[in-house]
>>> print(open('target_10.cif').read())   # mmCIF, N, CA and C atoms
data_upload
#
loop_
_atom_site.label_atom_id
_atom_site.label_comp_id
_atom_site.auth_asym_id
_atom_site.auth_seq_id
_atom_site.Cartn_x
_atom_site.Cartn_y
_atom_site.Cartn_z
N MET T 1 -6.64 -8.86 10.89
CA MET T 1 -6.05 -9.90 10.06
C MET T 1 -4.96 -10.59 10.88
N THR T 2 -4.95 -11.88 10.81
CA THR T 2 -3.97 -12.62 11.60
C THR T 2 -2.60 -12.57 10.94
N LYS T 3 -1.61 -12.98 11.71
CA LYS T 3 -0.23 -12.95 11.23
C LYS T 3 -0.02 -13.90 10.06
N ASN T 4 -0.65 -15.08 10.12
CA ASN T 4 -0.48 -16.05 9.04
C ASN T 4 -1.10 -15.56 7.73
N LYS T 5 -2.26 -14.91 7.82
CA LYS T 5 -2.88 -14.38 6.60
C LYS T 5 -2.02 -13.29 5.97
N THR T 6 -1.43 -12.46 6.82
CA THR T 6 -0.54 -11.41 6.31
C THR T 6 0.66 -12.03 5.61
N PHE T 7 1.25 -13.06 6.22
CA PHE T 7 2.39 -13.72 5.60
C PHE T 7 2.00 -14.38 4.27
N ILE T 8 0.85 -14.98 4.23
CA ILE T 8 0.40 -15.64 3.00
C ILE T 8 0.16 -14.60 1.90
N ILE T 9 -0.44 -13.48 2.25
CA ILE T 9 -0.65 -12.41 1.26
C ILE T 9 0.69 -11.88 0.75
N LEU T 10 1.62 -11.64 1.66
CA LEU T 10 2.95 -11.17 1.24
C LEU T 10 3.68 -12.22 0.40
N LEU T 11 3.49 -13.48 0.73
CA LEU T 11 4.08 -14.56 -0.06
C LEU T 11 3.53 -14.56 -1.48
N ILE T 12 2.22 -14.40 -1.61
CA ILE T 12 1.59 -14.34 -2.94
C ILE T 12 2.08 -13.13 -3.71
N VAL T 13 2.18 -11.98 -3.03
CA VAL T 13 2.66 -10.76 -3.69
C VAL T 13 4.10 -10.96 -4.18
N SER T 14 4.93 -11.61 -3.36
CA SER T 14 6.32 -11.81 -3.79
C SER T 14 6.41 -12.74 -4.98
N VAL T 15 5.61 -13.79 -5.01
CA VAL T 15 5.61 -14.71 -6.15
C VAL T 15 5.10 -14.00 -7.42
N LEU T 16 4.02 -13.24 -7.29
CA LEU T 16 3.50 -12.51 -8.44
C LEU T 16 4.48 -11.45 -8.93
N GLY T 17 5.13 -10.75 -8.02
CA GLY T 17 6.12 -9.74 -8.41
C GLY T 17 7.30 -10.34 -9.13
N PHE T 18 7.80 -11.46 -8.62
CA PHE T 18 8.90 -12.15 -9.28
C PHE T 18 8.48 -12.64 -10.66
N SER T 19 7.28 -13.20 -10.74
CA SER T 19 6.78 -13.71 -12.03
C SER T 19 6.64 -12.60 -13.05
N PHE T 20 6.12 -11.44 -12.62
CA PHE T 20 5.97 -10.31 -13.54
C PHE T 20 7.33 -9.81 -14.02
N SER T 21 8.29 -9.70 -13.10
CA SER T 21 9.63 -9.25 -13.49
C SER T 21 10.28 -10.24 -14.45
N PHE T 22 10.13 -11.53 -14.18
CA PHE T 22 10.69 -12.56 -15.05
C PHE T 22 10.05 -12.50 -16.43
N TYR T 23 8.73 -12.37 -16.48
CA TYR T 23 8.02 -12.29 -17.76
C TYR T 23 8.49 -11.07 -18.54
N THR T 24 8.59 -9.93 -17.87
CA THR T 24 8.96 -8.69 -18.55
C THR T 24 10.37 -8.77 -19.11
N LYS T 25 11.27 -9.43 -18.41
CA LYS T 25 12.66 -9.52 -18.88
C LYS T 25 12.87 -10.61 -19.92
N TYR T 26 12.31 -11.78 -19.71
CA TYR T 26 12.65 -12.92 -20.55
C TYR T 26 11.59 -13.34 -21.56
N MET T 27 10.33 -13.01 -21.35
CA MET T 27 9.28 -13.53 -22.22
C MET T 27 8.67 -12.48 -23.16
N ARG T 28 8.53 -11.29 -22.68
CA ARG T 28 7.84 -10.26 -23.46
C ARG T 28 8.66 -9.86 -24.68
N ASN T 29 7.96 -9.63 -25.78
CA ASN T 29 8.59 -9.20 -27.02
C ASN T 29 8.33 -7.71 -27.19
N TYR T 30 9.39 -6.92 -27.29
CA TYR T 30 9.25 -5.48 -27.40
C TYR T 30 9.21 -4.99 -28.84
N MET T 31 9.61 -5.83 -29.78
CA MET T 31 9.55 -5.48 -31.20
C MET T 31 8.80 -6.57 -31.94
N PRO T 32 7.51 -6.39 -32.13
CA PRO T 32 6.75 -7.43 -32.85
C PRO T 32 7.29 -7.62 -34.26
N ARG T 33 7.21 -8.83 -34.74
CA ARG T 33 7.63 -9.22 -36.08
C ARG T 33 9.13 -9.08 -36.30
N VAL T 34 9.92 -8.90 -35.23
CA VAL T 34 11.38 -8.92 -35.32
C VAL T 34 11.83 -10.15 -34.56
N GLU T 35 12.42 -11.09 -35.28
CA GLU T 35 12.81 -12.36 -34.68
C GLU T 35 14.24 -12.67 -35.04
N LYS T 36 14.87 -13.53 -34.26
CA LYS T 36 16.22 -13.94 -34.60
C LYS T 36 16.20 -15.40 -35.02
N LEU T 37 17.14 -15.73 -35.87
CA LEU T 37 17.25 -17.09 -36.38
C LEU T 37 17.85 -17.97 -35.29
N GLU T 38 17.10 -18.96 -34.87
CA GLU T 38 17.55 -19.86 -33.81
C GLU T 38 18.31 -21.05 -34.40
N MET T 39 17.74 -21.63 -35.47
CA MET T 39 18.33 -22.83 -36.04
C MET T 39 17.86 -22.95 -37.49
N ALA T 40 18.73 -23.34 -38.36
CA ALA T 40 18.36 -23.54 -39.75
C ALA T 40 18.90 -24.87 -40.24
N ASN T 41 17.99 -25.73 -40.66
CA ASN T 41 18.36 -27.01 -41.27
C ASN T 41 18.03 -26.93 -42.76
N ASP T 42 18.13 -28.06 -43.44
CA ASP T 42 17.81 -28.07 -44.87
C ASP T 42 16.35 -27.70 -45.12
N ASN T 43 15.46 -28.25 -44.32
CA ASN T 43 14.03 -28.02 -44.55
C ASN T 43 13.39 -27.17 -43.45
N ASN T 44 14.14 -26.83 -42.46
CA ASN T 44 13.57 -26.24 -41.28
C ASN T 44 14.28 -24.93 -40.90
N ILE T 45 13.50 -23.92 -40.58
CA ILE T 45 14.04 -22.67 -40.04
C ILE T 45 13.25 -22.37 -38.77
N ALA T 46 13.95 -22.24 -37.66
CA ALA T 46 13.31 -21.94 -36.38
C ALA T 46 13.62 -20.50 -36.01
N LEU T 47 12.58 -19.71 -35.80
CA LEU T 47 12.74 -18.32 -35.40
C LEU T 47 12.34 -18.16 -33.95
N LYS T 48 13.03 -17.28 -33.27
CA LYS T 48 12.78 -17.05 -31.85
C LYS T 48 12.52 -15.56 -31.64
N GLN T 49 11.53 -15.25 -30.81
CA GLN T 49 11.25 -13.85 -30.50
C GLN T 49 12.39 -13.27 -29.68
N LEU T 50 12.63 -12.00 -29.87
CA LEU T 50 13.68 -11.32 -29.11
C LEU T 50 13.17 -10.99 -27.72
N ASN T 51 13.97 -11.27 -26.71
CA ASN T 51 13.61 -10.84 -25.37
C ASN T 51 14.26 -9.48 -25.11
N LEU T 52 14.16 -9.00 -23.90
CA LEU T 52 14.64 -7.66 -23.58
C LEU T 52 16.14 -7.51 -23.82
N THR T 53 16.91 -8.48 -23.40
CA THR T 53 18.36 -8.41 -23.58
C THR T 53 18.73 -8.42 -25.06
N ASP T 54 18.05 -9.25 -25.84
CA ASP T 54 18.30 -9.29 -27.28
C ASP T 54 17.97 -7.96 -27.94
N ASN T 55 16.88 -7.33 -27.52
CA ASN T 55 16.52 -6.02 -28.06
C ASN T 55 17.56 -4.97 -27.74
N ILE T 56 18.07 -4.99 -26.51
CA ILE T 56 19.09 -4.01 -26.12
C ILE T 56 20.35 -4.21 -26.95
N VAL T 57 20.77 -5.46 -27.13
CA VAL T 57 21.97 -5.74 -27.93
C VAL T 57 21.76 -5.29 -29.37
N LEU T 58 20.59 -5.58 -29.92
CA LEU T 58 20.30 -5.17 -31.30
C LEU T 58 20.35 -3.66 -31.46
N LEU T 59 19.73 -2.92 -30.54
CA LEU T 59 19.73 -1.47 -30.64
C LEU T 59 21.12 -0.88 -30.39
N GLU T 60 21.91 -1.50 -29.51
CA GLU T 60 23.28 -1.01 -29.30
C GLU T 60 24.13 -1.20 -30.55
N LYS T 61 23.98 -2.34 -31.21
CA LYS T 61 24.71 -2.57 -32.46
C LYS T 61 24.26 -1.59 -33.55
N LEU T 62 22.97 -1.30 -33.58
CA LEU T 62 22.45 -0.33 -34.54
C LEU T 62 23.03 1.07 -34.27
N GLU T 63 23.11 1.43 -32.99
CA GLU T 63 23.70 2.73 -32.65
C GLU T 63 25.17 2.80 -33.03
N GLU T 64 25.92 1.71 -32.78
CA GLU T 64 27.33 1.67 -33.16
C GLU T 64 27.49 1.80 -34.67
N THR T 65 26.62 1.14 -35.40
CA THR T 65 26.68 1.22 -36.87
C THR T 65 26.37 2.63 -37.35
N LYS T 66 25.35 3.26 -36.74
CA LYS T 66 25.01 4.63 -37.14
C LYS T 66 26.15 5.59 -36.85
N ILE T 67 26.81 5.42 -35.72
CA ILE T 67 27.93 6.31 -35.38
C ILE T 67 29.11 6.07 -36.31
N SER T 68 29.35 4.82 -36.67
CA SER T 68 30.49 4.52 -37.53
C SER T 68 30.32 5.06 -38.95
N VAL T 69 29.08 5.19 -39.41
CA VAL T 69 28.86 5.74 -40.76
C VAL T 69 28.53 7.23 -40.71
N GLY T 70 28.50 7.80 -39.53
CA GLY T 70 28.28 9.24 -39.40
C GLY T 70 26.84 9.67 -39.43
N ALA T 71 25.92 8.77 -39.15
CA ALA T 71 24.50 9.13 -39.16
C ALA T 71 23.92 9.10 -37.74
N GLY T 72 24.75 9.41 -36.76
CA GLY T 72 24.34 9.30 -35.37
C GLY T 72 23.34 10.32 -34.91
N ASP T 73 23.30 11.49 -35.53
CA ASP T 73 22.40 12.53 -35.08
C ASP T 73 21.36 12.90 -36.15
N ALA T 74 20.75 11.89 -36.73
CA ALA T 74 19.72 12.11 -37.76
C ALA T 74 18.45 12.65 -37.10
N LYS T 75 17.71 13.47 -37.84
CA LYS T 75 16.47 14.04 -37.31
C LYS T 75 15.42 12.95 -37.12
N GLY T 76 14.69 13.04 -36.04
CA GLY T 76 13.61 12.09 -35.78
C GLY T 76 14.08 10.73 -35.32
N ASP T 77 15.34 10.58 -34.99
CA ASP T 77 15.87 9.30 -34.55
C ASP T 77 15.52 9.09 -33.08
N GLU T 78 14.78 8.05 -32.82
CA GLU T 78 14.33 7.76 -31.45
C GLU T 78 15.05 6.56 -30.85
N ASN T 79 16.01 5.98 -31.54
CA ASN T 79 16.66 4.76 -31.06
C ASN T 79 17.37 4.97 -29.72
N ALA T 80 18.04 6.11 -29.56
CA ALA T 80 18.77 6.34 -28.31
C ALA T 80 17.79 6.44 -27.13
N LYS T 81 16.65 7.10 -27.33
CA LYS T 81 15.65 7.21 -26.26
C LYS T 81 15.05 5.84 -25.94
N ILE T 82 14.74 5.08 -26.97
CA ILE T 82 14.18 3.75 -26.76
C ILE T 82 15.20 2.84 -26.07
N LEU T 83 16.46 2.95 -26.47
CA LEU T 83 17.52 2.15 -25.85
C LEU T 83 17.64 2.48 -24.36
N ASN T 84 17.58 3.76 -24.02
CA ASN T 84 17.63 4.14 -22.60
C ASN T 84 16.44 3.60 -21.83
N LYS T 85 15.24 3.64 -22.44
CA LYS T 85 14.04 3.11 -21.78
C LYS T 85 14.17 1.60 -21.56
N LEU T 86 14.66 0.89 -22.57
CA LEU T 86 14.82 -0.56 -22.44
C LEU T 86 15.87 -0.91 -21.39
N LYS T 87 16.93 -0.14 -21.31
CA LYS T 87 17.94 -0.39 -20.28
C LYS T 87 17.36 -0.13 -18.89
N THR T 88 16.51 0.90 -18.76
CA THR T 88 15.86 1.17 -17.48
C THR T 88 14.92 0.04 -17.11
N ILE T 89 14.14 -0.44 -18.07
CA ILE T 89 13.23 -1.57 -17.82
C ILE T 89 14.04 -2.80 -17.41
N ASN T 90 15.15 -3.03 -18.07
CA ASN T 90 16.01 -4.17 -17.75
C ASN T 90 16.53 -4.07 -16.31
N LEU T 91 17.00 -2.90 -15.92
CA LEU T 91 17.50 -2.70 -14.57
C LEU T 91 16.39 -2.89 -13.54
N LEU T 92 15.20 -2.36 -13.82
CA LEU T 92 14.08 -2.52 -12.89
C LEU T 92 13.64 -3.98 -12.78
N CYS T 93 13.69 -4.71 -13.88
CA CYS T 93 13.33 -6.14 -13.85
C CYS T 93 14.31 -6.93 -13.00
N ILE T 94 15.59 -6.67 -13.17
CA ILE T 94 16.60 -7.37 -12.38
C ILE T 94 16.43 -7.03 -10.90
N ALA T 95 16.25 -5.74 -10.60
CA ALA T 95 16.06 -5.34 -9.21
C ALA T 95 14.79 -5.95 -8.63
N GLY T 96 13.73 -5.99 -9.43
CA GLY T 96 12.47 -6.58 -8.97
C GLY T 96 12.60 -8.07 -8.70
N MET T 97 13.28 -8.77 -9.58
CA MET T 97 13.46 -10.21 -9.37
C MET T 97 14.26 -10.47 -8.09
N VAL T 98 15.33 -9.71 -7.88
CA VAL T 98 16.14 -9.91 -6.68
C VAL T 98 15.34 -9.54 -5.43
N LEU T 99 14.65 -8.41 -5.48
CA LEU T 99 13.88 -7.96 -4.32
C LEU T 99 12.77 -8.94 -3.95
N PHE T 100 11.99 -9.36 -4.94
CA PHE T 100 10.89 -10.27 -4.66
C PHE T 100 11.37 -11.66 -4.26
N PHE T 101 12.51 -12.10 -4.80
CA PHE T 101 13.07 -13.38 -4.38
C PHE T 101 13.52 -13.32 -2.93
N LEU T 102 14.22 -12.24 -2.56
CA LEU T 102 14.64 -12.08 -1.17
C LEU T 102 13.45 -11.95 -0.23
N MET T 103 12.41 -11.27 -0.69
CA MET T 103 11.19 -11.14 0.11
C MET T 103 10.54 -12.51 0.32
N PHE T 104 10.52 -13.32 -0.72
CA PHE T 104 9.97 -14.67 -0.63
C PHE T 104 10.76 -15.51 0.38
N ILE T 105 12.07 -15.46 0.30
CA ILE T 105 12.92 -16.22 1.23
C ILE T 105 12.70 -15.74 2.67
N TRP T 106 12.67 -14.43 2.87
CA TRP T 106 12.48 -13.87 4.21
C TRP T 106 11.14 -14.29 4.80
N ILE T 107 10.08 -14.21 4.00
CA ILE T 107 8.74 -14.58 4.48
C ILE T 107 8.68 -16.07 4.78
N SER T 108 9.27 -16.88 3.90
CA SER T 108 9.28 -18.33 4.13
C SER T 108 10.01 -18.68 5.42
N MET T 109 11.17 -18.08 5.63
CA MET T 109 11.94 -18.34 6.85
C MET T 109 11.18 -17.86 8.08
N THR T 110 10.51 -16.73 7.99
CA THR T 110 9.74 -16.22 9.12
C THR T 110 8.57 -17.15 9.44
N MET T 111 7.90 -17.66 8.41
CA MET T 111 6.79 -18.58 8.64
C MET T 111 7.28 -19.88 9.26
N ILE T 112 8.41 -20.39 8.79
CA ILE T 112 8.96 -21.63 9.35
C ILE T 112 9.36 -21.42 10.81
N LYS T 113 9.97 -20.27 11.08
CA LYS T 113 10.39 -19.96 12.45
C LYS T 113 9.19 -19.83 13.38
N SER T 114 8.12 -19.18 12.92
CA SER T 114 6.94 -19.02 13.76
C SER T 114 6.23 -20.36 14.00
N LYS T 115 6.25 -21.25 13.00
CA LYS T 115 5.65 -22.58 13.18
C LYS T 115 6.46 -23.41 14.18
N LYS T 116 7.80 -23.30 14.11
CA LYS T 116 8.64 -24.02 15.06
C LYS T 116 8.39 -23.52 16.48
N GLN T 117 8.24 -22.20 16.63
CA GLN T 117 7.96 -21.66 17.96
C GLN T 117 6.60 -22.11 18.47
N ALA T 118 5.64 -22.18 17.57
CA ALA T 118 4.31 -22.63 17.98
C ALA T 118 4.33 -24.09 18.42
N VAL T 119 5.09 -24.90 17.73
CA VAL T 119 5.21 -26.31 18.10
C VAL T 119 5.92 -26.44 19.44
N LEU T 120 6.96 -25.67 19.66
CA LEU T 120 7.69 -25.72 20.93
C LEU T 120 6.83 -25.23 22.11
N LEU T 121 6.00 -24.24 21.87
CA LEU T 121 5.15 -23.73 22.95
C LEU T 121 4.03 -24.67 23.31
N LYS T 122 3.57 -25.47 22.37
CA LYS T 122 2.47 -26.41 22.64
C LYS T 122 2.94 -27.61 23.44
N THR T 123 4.21 -27.97 23.36
CA THR T 123 4.67 -29.17 24.07
C THR T 123 5.08 -28.89 25.48
#
>>> encode(input="target_10.cif", output="structure tokens")
Amino acid sequence: MTKNKTFIILLIVSVLGFSFSFYTKYMRNYMPRVEKLEMANDNNIALKQLNLTDNIVLLEKLEETKISVGAGDAKGDENAKILNKLKTINLLCIAGMVLFFLMFIWISMTMIKSKKQAVLLKT
């Protein structure tokens, strides 16, 4: 496989990785049928799906409320486990977006540099 094909494959992988991380953090809905009120007019109500950050904030507020009323250690309560999983997913998404973005920049700069060298060697 030539060097350019390898760079193009890595470039595609970096774009797909960034897109997946972005989708997972900002677009995916983790709680179906749970929406937040975006805007309410006289005749109009606009609802918006919760993204990952909204879900984490909602579950943190729920945990604070449970602790304040003394129901923090109820049997069968899975909110703390789910909150930890969502925070882990959030951290992985942020790390993935940064990593794949830096990979994209590095590959792009390497391709530009190799093209400049090829042009200089031909003249």
>>> residues_around(input="target_10.cif", residues="stretch 79-85 of chain T", least_positions_apart="5", cutoff="10 Å", atoms="only C-alpha atoms", output="list in words")
Asn55, Ile56, Val57, Leu58, Leu59, Glu60, Leu62, Glu63, Gly72, Asp73, Asn90 and Leu91 of chain T
>>> resolve_selection(input="target_10.cif", expression="the PyMOL selection byres (((chain T and resi 92-95 and name CA) around 8) and name CA)", output="list in words")
Ser21, Phe22, Thr24, Lys25, Thr88, Ile89, Asn90, Leu91, Gly96, Met97, Val98 and Leu99 of chain T
>>> closest_residue(input="target_10.cif", among="T:Phe18, T:Asn51, T:Phe7, T:Lys61", to="T:Ser108", atoms="all atoms listed in the file")
T:Phe7
>>> atom_distance(input="target_10.cif", atom1="atom CA of T:Ile105", atom2="atom C of T:Leu16")
14.0 Å
>>> atom_distance(input="target_10.cif", atom1="atom CA of T:Phe101", atom2="atom CA of T:Ile8")
14.8 Å
>>> atom_distance(input="target_10.cif", atom1="atom CA of T:Ser19", atom2="atom CA of T:Met111")
21.2 Å
>>> select_by_dssp(input="target_10.cif", residues="stretch 5-114 of chain T", states="strand (DSSP E or B)", output="PyMOL selection string")
chain T and resi 35-40+45-49
